[in-house]
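Source file: protein36.txt. Holds: compact mmCIF, C-alpha atoms and all ligand atoms.
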# COMPACT_ATOMS: atom_id res chain seq x y z
CA MET A 106 -89.19 226.55 -42.71
CA GLU A 107 -90.08 222.85 -42.76
CA ASP A 108 -90.64 223.13 -39.03
CA LEU A 109 -93.13 226.00 -39.51
CA LYS A 110 -94.96 224.04 -42.22
CA SER A 111 -95.37 221.04 -39.91
CA LYS A 112 -96.58 223.30 -37.09
CA ILE A 113 -99.18 224.86 -39.42
CA LYS A 114 -100.29 221.34 -40.32
CA GLU A 115 -100.52 220.46 -36.64
CA ALA A 116 -102.61 223.60 -35.97
CA ALA A 117 -104.99 222.78 -38.84
CA SER A 118 -105.37 219.23 -37.60
CA ILE A 119 -106.14 220.40 -34.02
CA ILE A 120 -108.79 222.79 -35.40
CA GLN A 121 -110.31 220.16 -37.66
CA LYS A 122 -110.75 217.69 -34.78
CA ALA A 123 -112.06 220.20 -32.20
CA ASN A 124 -115.68 220.87 -31.27
CA TYR A 125 -115.62 224.48 -30.13
CA VAL A 126 -112.88 226.57 -31.72
CA CYS A 127 -112.83 230.24 -30.77
CA ALA A 128 -110.47 233.08 -31.65
CA PHE A 129 -108.99 235.85 -29.54
CA THR A 130 -107.61 238.68 -31.66
CA GLY A 131 -105.56 241.83 -31.13
CA ALA A 132 -104.18 244.74 -33.11
CA GLY A 133 -101.71 242.46 -34.99
CA ILE A 134 -104.46 240.86 -37.09
CA SER A 135 -105.30 244.26 -38.61
CA VAL A 136 -101.73 245.39 -39.35
CA GLU A 137 -101.92 244.00 -42.89
CA SER A 138 -105.13 245.98 -43.38
CA GLY A 139 -103.00 249.09 -42.87
CA ILE A 140 -103.90 249.78 -39.21
CA PRO A 141 -100.83 250.16 -36.99
CA THR A 142 -100.62 248.64 -33.50
CA PHE A 143 -100.47 250.96 -30.51
CA ARG A 144 -97.13 249.70 -29.19
CA GLY A 145 -94.03 248.55 -31.05
CA ASP A 146 -92.15 249.98 -34.04
CA ASP A 147 -94.22 252.54 -35.94
CA GLY A 148 -96.98 252.06 -33.35
CA ILE A 149 -99.64 254.71 -32.85
CA TRP A 150 -98.00 255.75 -29.53
CA ASP A 151 -94.84 256.71 -31.42
CA LYS A 152 -96.81 259.53 -32.96
CA TYR A 153 -99.55 260.41 -30.46
CA ASP A 154 -99.81 260.95 -26.72
CA PRO A 155 -101.91 258.22 -24.99
CA LEU A 156 -103.19 260.97 -22.64
CA MET A 157 -105.54 262.00 -25.49
CA LEU A 158 -107.45 258.76 -24.92
CA GLU A 159 -107.82 259.09 -21.15
CA ILE A 160 -111.46 259.55 -20.23
CA GLN A 161 -110.89 262.41 -17.79
CA TYR A 162 -108.75 264.30 -20.28
CA PHE A 163 -111.34 263.72 -23.00
CA LEU A 164 -114.15 265.11 -20.83
CA GLU A 165 -112.08 268.16 -19.87
CA HIS A 166 -110.52 268.84 -23.30
CA PRO A 167 -112.83 267.20 -25.84
CA GLU A 168 -111.65 269.36 -28.70
CA LYS A 169 -107.97 268.36 -28.26
CA SER A 170 -108.83 264.66 -27.83
CA TRP A 171 -111.15 264.71 -30.81
CA LYS A 172 -108.45 266.18 -33.09
CA VAL A 173 -106.30 263.08 -32.42
CA ILE A 174 -109.28 260.69 -32.48
CA LYS A 175 -110.27 262.01 -35.89
CA GLU A 176 -106.76 261.45 -37.29
CA ILE A 177 -106.24 257.97 -35.83
CA PHE A 178 -109.68 256.41 -35.93
CA PHE A 179 -111.44 258.12 -38.80
CA GLU A 180 -108.66 258.91 -41.27
CA THR A 181 -106.41 255.83 -40.66
CA LEU A 182 -109.00 253.28 -39.67
CA GLY A 183 -111.86 254.50 -41.83
CA GLU A 184 -110.55 253.16 -45.13
CA ALA A 185 -109.32 249.79 -43.86
CA LYS A 186 -110.62 246.53 -45.35
CA PRO A 187 -110.41 243.00 -43.93
CA ASN A 188 -107.28 241.05 -44.89
CA ARG A 189 -106.83 237.31 -45.54
CA ALA A 190 -106.67 236.51 -41.81
CA HIS A 191 -110.10 238.08 -41.22
CA GLU A 192 -111.46 236.34 -44.32
CA VAL A 193 -110.29 232.87 -43.27
CA LEU A 194 -111.89 233.33 -39.83
CA ALA A 195 -115.16 234.27 -41.58
CA GLU A 196 -114.94 231.23 -43.88
CA MET A 197 -114.25 229.01 -40.86
CA GLU A 198 -117.35 230.35 -39.08
CA LYS A 199 -119.49 229.69 -42.16
CA ARG A 200 -118.26 226.09 -42.27
CA GLY A 201 -118.90 225.58 -38.55
CA LEU A 202 -115.17 225.34 -37.81
CA LEU A 203 -115.12 228.50 -35.70
CA LYS A 204 -117.80 229.35 -33.14
CA GLU A 205 -117.03 232.75 -31.62
CA ILE A 206 -114.49 235.58 -31.74
CA ILE A 207 -113.36 237.74 -28.86
CA THR A 208 -111.60 240.79 -30.23
CA GLN A 209 -109.71 243.60 -28.55
CA ASN A 210 -109.90 245.52 -31.80
CA ILE A 211 -112.29 248.36 -32.39
CA ASP A 212 -112.07 248.40 -36.19
CA ASN A 213 -115.15 246.29 -37.09
CA LEU A 214 -113.07 244.26 -39.59
CA HIS A 215 -114.26 240.86 -38.32
CA GLN A 216 -117.86 241.89 -39.00
CA ASP A 217 -116.86 243.39 -42.36
CA ALA A 218 -115.32 240.02 -43.28
CA GLY A 219 -118.60 238.29 -42.41
CA ASN A 220 -118.20 236.92 -38.87
CA LYS A 221 -121.49 236.98 -36.99
CA ILE A 222 -120.48 236.24 -33.40
CA VAL A 223 -117.92 238.82 -32.34
CA HIS A 224 -117.51 239.96 -28.73
CA GLU A 225 -115.92 243.41 -28.69
CA PHE A 226 -113.91 243.71 -25.53
CA HIS A 227 -112.91 247.32 -26.14
CA GLY A 228 -115.91 248.63 -28.09
CA ASN A 229 -116.16 249.77 -31.71
CA ALA A 230 -114.91 252.96 -33.36
CA ARG A 231 -117.69 252.88 -35.98
CA TYR A 232 -120.18 254.06 -33.34
CA LEU A 233 -120.57 257.07 -31.07
CA ILE A 234 -122.21 257.51 -27.69
CA CYS A 235 -124.01 260.66 -26.63
CA THR A 236 -122.45 261.49 -23.23
CA LYS A 237 -125.70 263.17 -22.17
CA THR A 238 -128.27 260.47 -22.98
CA GLY A 239 -126.26 257.29 -23.67
CA GLU A 240 -127.76 257.00 -27.16
CA ARG A 241 -125.58 255.00 -29.58
CA LEU A 242 -125.27 256.28 -33.13
CA ALA A 243 -123.33 255.46 -36.28
CA ALA A 244 -120.06 257.40 -36.45
CA ALA A 245 -120.96 258.64 -39.92
CA TYR A 246 -123.67 260.70 -38.22
CA ALA A 247 -121.16 263.09 -36.60
CA ASP A 248 -120.04 266.32 -38.17
CA LEU A 249 -116.26 266.12 -37.77
CA ASN A 250 -115.67 269.47 -39.39
CA ALA A 251 -116.58 271.15 -36.13
CA LEU A 252 -114.76 269.55 -33.18
CA PRO A 253 -115.84 268.30 -30.76
CA PRO A 254 -118.92 266.83 -32.42
CA ILE A 255 -122.16 267.52 -30.59
CA HIS A 256 -125.44 265.61 -30.87
CA PRO A 257 -127.66 268.06 -32.77
CA ALA A 258 -130.82 266.96 -30.95
CA THR A 259 -129.57 266.65 -27.36
CA GLY A 260 -126.62 269.05 -27.34
CA GLY A 261 -124.56 266.28 -25.71
CA LEU A 262 -120.86 265.74 -26.41
CA LEU A 263 -120.35 262.70 -28.67
CA LYS A 264 -117.72 260.15 -27.65
CA PRO A 265 -116.45 257.24 -29.75
CA ASP A 266 -117.97 253.96 -28.51
CA PHE A 267 -114.64 252.40 -27.59
CA ILE A 268 -113.04 252.11 -24.20
CA PHE A 269 -110.85 255.00 -23.13
CA PHE A 270 -108.11 254.60 -20.52
CA GLY A 271 -109.85 254.84 -17.17
CA GLU A 272 -113.11 253.25 -18.36
CA GLY A 273 -114.44 249.78 -17.55
CA ILE A 274 -114.93 246.93 -20.02
CA PRO A 275 -118.54 246.67 -21.35
CA ALA A 276 -120.20 244.22 -18.94
CA ASP A 277 -121.97 242.13 -21.61
CA ALA A 278 -118.81 241.66 -23.71
CA PHE A 279 -116.80 240.81 -20.60
CA GLN A 280 -119.33 238.21 -19.43
CA ALA A 281 -119.68 236.68 -22.90
CA SER A 282 -115.89 236.48 -23.26
CA LEU A 283 -115.53 234.65 -19.95
CA GLU A 284 -118.11 232.15 -21.13
CA VAL A 285 -116.28 231.68 -24.43
CA ALA A 286 -113.04 231.08 -22.53
CA LYS A 287 -114.75 228.34 -20.54
CA LYS A 288 -116.45 226.70 -23.53
CA ALA A 289 -113.61 226.71 -26.08
CA ASP A 290 -111.66 223.51 -26.62
CA VAL A 291 -109.27 225.39 -28.92
CA LEU A 292 -108.37 229.07 -28.63
CA LEU A 293 -106.69 230.63 -31.64
CA ILE A 294 -104.80 233.73 -30.45
CA ILE A 295 -103.87 236.10 -33.26
CA GLY A 296 -101.72 239.24 -33.03
CA THR A 297 -101.78 240.25 -29.40
CA THR A 298 -99.04 240.95 -26.87
CA GLY A 299 -101.03 239.79 -23.86
CA GLU A 300 -100.22 243.03 -22.07
CA VAL A 301 -103.60 244.76 -21.99
CA MET A 302 -105.54 243.85 -18.85
CA PRO A 303 -108.10 242.41 -18.24
CA ALA A 304 -108.44 241.06 -21.83
CA SER A 305 -105.03 239.42 -21.49
CA GLN A 306 -106.45 236.94 -18.94
CA ILE A 307 -108.81 235.28 -21.44
CA PRO A 308 -106.26 232.77 -22.82
CA SER A 309 -105.21 231.52 -19.38
CA ILE A 310 -108.86 231.05 -18.38
CA ALA A 311 -109.37 229.02 -21.58
CA LYS A 312 -106.23 226.97 -20.90
CA ASP A 313 -107.30 226.29 -17.28
CA ASN A 314 -110.59 225.01 -18.68
CA GLY A 315 -108.83 222.55 -20.95
CA ALA A 316 -108.45 224.47 -24.23
CA LYS A 317 -105.52 223.91 -26.57
CA ILE A 318 -103.86 227.20 -27.47
CA ILE A 319 -102.71 227.97 -31.01
CA GLU A 320 -100.93 231.30 -31.31
CA ILE A 321 -100.03 233.40 -34.37
CA ASN A 322 -97.75 236.41 -33.96
CA THR A 323 -94.77 237.93 -35.75
CA GLU A 324 -92.99 238.04 -32.35
CA PRO A 325 -93.19 235.89 -29.24
CA SER A 326 -95.76 237.33 -26.80
CA ASN A 327 -96.53 236.93 -23.10
CA TYR A 328 -98.36 233.71 -24.02
CA THR A 329 -95.74 232.04 -26.20
CA ALA A 330 -93.47 230.41 -23.62
CA GLY A 331 -95.91 229.34 -20.91
CA LEU A 332 -99.31 228.96 -22.52
CA SER A 333 -99.21 228.28 -26.27
CA ASP A 334 -99.31 224.65 -27.40
CA VAL A 335 -98.51 225.61 -30.99
CA PHE A 336 -96.79 228.91 -31.82
CA LEU A 337 -96.79 229.98 -35.47
CA GLN A 338 -94.33 232.83 -35.89
CA GLY A 339 -95.39 234.84 -38.92
CA LYS A 340 -97.83 237.34 -40.34
CA ALA A 341 -101.48 236.75 -39.49
CA SER A 342 -102.65 236.75 -43.14
CA GLU A 343 -99.96 234.29 -44.29
CA MET A 344 -100.44 231.88 -41.40
CA MET A 345 -104.24 231.97 -41.63
CA ASP A 346 -104.18 231.57 -45.41
CA GLN A 347 -102.15 228.36 -45.04
CA ILE A 348 -104.34 227.06 -42.23
CA GLY A 349 -107.38 227.83 -44.41
CA ASP A 350 -105.92 225.82 -47.32
CA MET A 351 -105.21 222.84 -45.10
CA LEU A 352 -108.71 222.94 -43.64
CA ASP A 353 -110.08 222.98 -47.19
CA SER A 354 -108.12 219.92 -48.17
CA GLY A 355 -108.96 218.30 -44.84
CA SER A 356 -105.28 217.40 -44.22
P1 LIG A 401 -101.68 244.28 -28.85
O1 LIG A 401 -101.63 243.56 -27.59
O2 LIG A 401 -102.94 244.23 -29.62
O3 LIG A 401 -100.40 243.77 -29.75
C1 LIG A 401 -100.20 243.75 -31.09
C2 LIG A 401 -99.45 242.44 -31.43
O4 LIG A 401 -99.53 242.20 -32.82
C3 LIG A 401 -97.95 242.39 -31.07
O5 LIG A 401 -97.71 241.27 -30.26
C4 LIG A 401 -97.24 242.24 -32.43
O6 LIG A 401 -96.07 241.43 -32.36
C5 LIG A 401 -98.31 241.59 -33.25
N1 LIG A 401 -98.23 241.79 -34.70
C6 LIG A 401 -97.79 242.88 -35.37
N2 LIG A 401 -97.94 242.70 -36.70
C7 LIG A 401 -98.49 241.46 -36.88
C8 LIG A 401 -98.89 240.71 -38.02
N3 LIG A 401 -98.77 241.19 -39.25
N4 LIG A 401 -99.40 239.48 -37.82
C9 LIG A 401 -99.52 238.96 -36.57
N5 LIG A 401 -99.16 239.63 -35.46
C10 LIG A 401 -98.65 240.87 -35.61
O7 LIG A 401 -101.24 245.66 -28.49
P2 LIG A 401 -101.51 247.14 -28.91
O8 LIG A 401 -101.21 247.39 -30.33
O9 LIG A 401 -100.78 247.89 -27.87
O10 LIG A 401 -103.07 247.38 -28.72
C11 LIG A 401 -103.65 247.50 -27.48
C12 LIG A 401 -105.14 247.72 -27.63
O11 LIG A 401 -105.36 248.89 -28.42
C13 LIG A 401 -105.84 246.66 -28.42
O12 LIG A 401 -106.19 245.65 -27.58
C14 LIG A 401 -107.03 247.44 -29.00
O13 LIG A 401 -108.01 247.65 -28.05
C15 LIG A 401 -106.44 248.76 -29.32
N6 LIG A 401 -106.01 248.85 -30.74
C16 LIG A 401 -106.91 248.45 -31.70
C17 LIG A 401 -106.55 248.51 -33.03
C18 LIG A 401 -107.55 248.04 -34.07
O14 LIG A 401 -108.75 248.07 -33.79
N7 LIG A 401 -107.10 247.57 -35.22
C19 LIG A 401 -105.27 248.97 -33.39
C20 LIG A 401 -104.39 249.37 -32.37
C21 LIG A 401 -104.78 249.28 -31.04

Representation of the structure as structure tokens:
Amino acid sequence: MEDLKSKIKEAASIIQKANYVCAFTGAGISVESGIPTFRGDDGIWDKYDPLMLEIQYFLEHPEKSWKVIKEIFFETLGEAKPNRAHEVLAEMEKRGLLKEIITQNIDNLHQDAGNKIVHEFHGNARYLICTKTGERLAAAYADLNALPPIHPATGGLLKPDFIFFGEGIPADAFQASLEVAKKADVLLIIGTTGEVMPASQIPSIAKDNGAKIIEINTEPSNYTAGLSDVFLQGKASEMMDQIGDMLDSGS
């Protein structure tokens, strides 16, 4: 316990002294907002078939995919609010202690907490794309009582604006994330296994460019042994709350 406390202190001190702190977040940061991870115990894949989120399957069976999408991303994710970990990141940005966030999440909770610079590696479930015209619209616009939802003006099938299996990463988010990885002198990794390519490469690019790596996770990840300089094993909200307090007191 004492050991964890001193590691949290060390992490806060590294952040306080750095010039360009950035965060790289995964599904684990949103678990305490009530959104399950995909993998792991009680993960989304325990209940649903990942095939439903393959792009080819979606285009061929949009009604079946949409039934699952509605349950996971509108009913589960729709009500979620930022937790303490999101809030501390937003407070850090306001105080100039955090510059940019790269997130693999699609839940919009960093923006809800108040962060302004968020690079969404896998898109955002709050928006839809018209597969006919490419127009982007707010998800609230879709009529989910009749699946699959169709754009009333174009007749095009609407698809959530997040990355399905078999789709590429949005070029602008990818490019911006690579730049962040090169600029950061500290990368704060929160709640990610490091298994989802190509996002998982971001921390090693940051490390190769001289960044110190601080990691928060309830379990060791692919980064813990070889990459992380400070590993804080615990829940994202608890670890970030304590880091936030130490930054406040300047210790
Ligand atoms: P992931 O790589 O994002 O891993 C989740 C990690 O969170 C695990 O390492 C786990 O140990 C850790 N974790 C669990 N609870 C935690 C807590 N309370 N505090 C800190 N860490 C905690 O893997 P995934 O879940 O397979 O997700 C893969 C991809 O799926 C994501 O990158 C994302 O694109 C998408 N996804 C998004 C959301 C979301 O938007 N909230 C949720 C699930 C999946």

Kindly provide, as AutoDock Vina command-line options, the centre and edge lengths (Å, one decimal) of an axis-aligned box around all atoms of ligand LIG 401 (chain A) given in the file, with 6 Å on each side.
--center_x -102.4 --center_y 244.2 --center_z -33.4 --size_x 24.7 --size_y 22.4 --size_z 23.8

As a PyMOL selection string, please: every protein or nucleic acid residue near ligand LIG 401 (chain A) (cut-off 8 Å, counting all atoms listed in the file).
chain A and resi 130-137+140-145+148-149+182+208-213+226-230+268+295-301+304+321-326+339-342

Nearest to A:Gly331, chosen from A:Lys312, A:Ile255, A:Phe267, A:Glu343, with all atoms listed in the file counted in the distances
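Of A:Lys312, A:Ile255, A:Phe267, A:Glu343, the one nearest A:Gly331 is A:Lys312, counting all atoms listed in the file.
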
Quick one: distance from atom CA of A:Met197 to atom CA of A:Ser309 in Å, one decimal?
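Atom CA of A:Ser309 lies at a distance of 23.4 Å from atom CA of A:Met197.
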
Which residue of A:Cys235, A:Met351, A:Ala330, A:Met344 approaches A:Ala190 most closely, using all atoms listed in the file
A:Met344

Counting all atoms listed in the file, the residue among A:Val291, A:Val285, A:Phe178, A:Ile310 that lies closest to A:Tyr232 is A:Phe178

Got a sec: who's within 8 Å of A:Ile348, counting all atoms listed in the file, leaving out chain neighbours fewer than 5 positions off, as a list in words?
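Neighbouring residues, sequence-local ones excluded: Ile113, Lys114, Ala116 and Ala117 of chain A.
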
As an exercise, work out the distance from atom CA of A:Leu352 to atom CA of A:Ile222 in Å and give it to one decimal place.
20.5 Å

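Relative to atom CA of A:Ile234, atom CA of A:Pro254 is found at 11.0 Å.
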
Which residues come within 10 Å of A:Ile174, counting all atoms listed in the file, excluding same-chain residues fewer than 3 positions away, as a list in words?
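Result of the neighbour search: Tyr153, Met157, Leu158, Pro167, Glu168, Lys169, Ser170, Trp171, Ile177, Phe178, Phe179, Glu180, Thr181, Ala230, Lys264 and Pro265 of chain A.
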
Of A:Ala258, A:Met302, A:Leu156, A:Val126, the one sitting nearest A:Lys237 when using all atoms listed in the file is A:Ala258

Out of A:His191, A:Ile319, A:Gly219, A:Arg200, which residue has the shortest atom-to-atom distance to A:Ile120 when counting only C-alpha atoms?
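So, comparing all the options, the nearest one is A:Ile319.
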
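Residue nearest A:Lys199, chosen from A:Ala185, A:Ile119, A:Ile274, A:Ala218 and counting only C-alpha atoms: A:Ala218.
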
Considering only C-alpha atoms, give me a table of residues in stretch 148-238 of chain A that are at most 7 Å from stretch 276-283 of chain A, with the closest atom pair and distance in Å for each, as a Markdown table.
| residue | atom | partner | partner_atom | distance |
| --- | --- | --- | --- | --- |
| A:Ile207 | CA | A:Ser282 | CA | 6.3 |
| A:His224 | CA | A:Ala278 | CA | 5.5 |
| A:Glu225 | CA | A:Ala278 | CA | 6.0 |
| A:Phe226 | CA | A:Ala278 | CA | 5.6 |
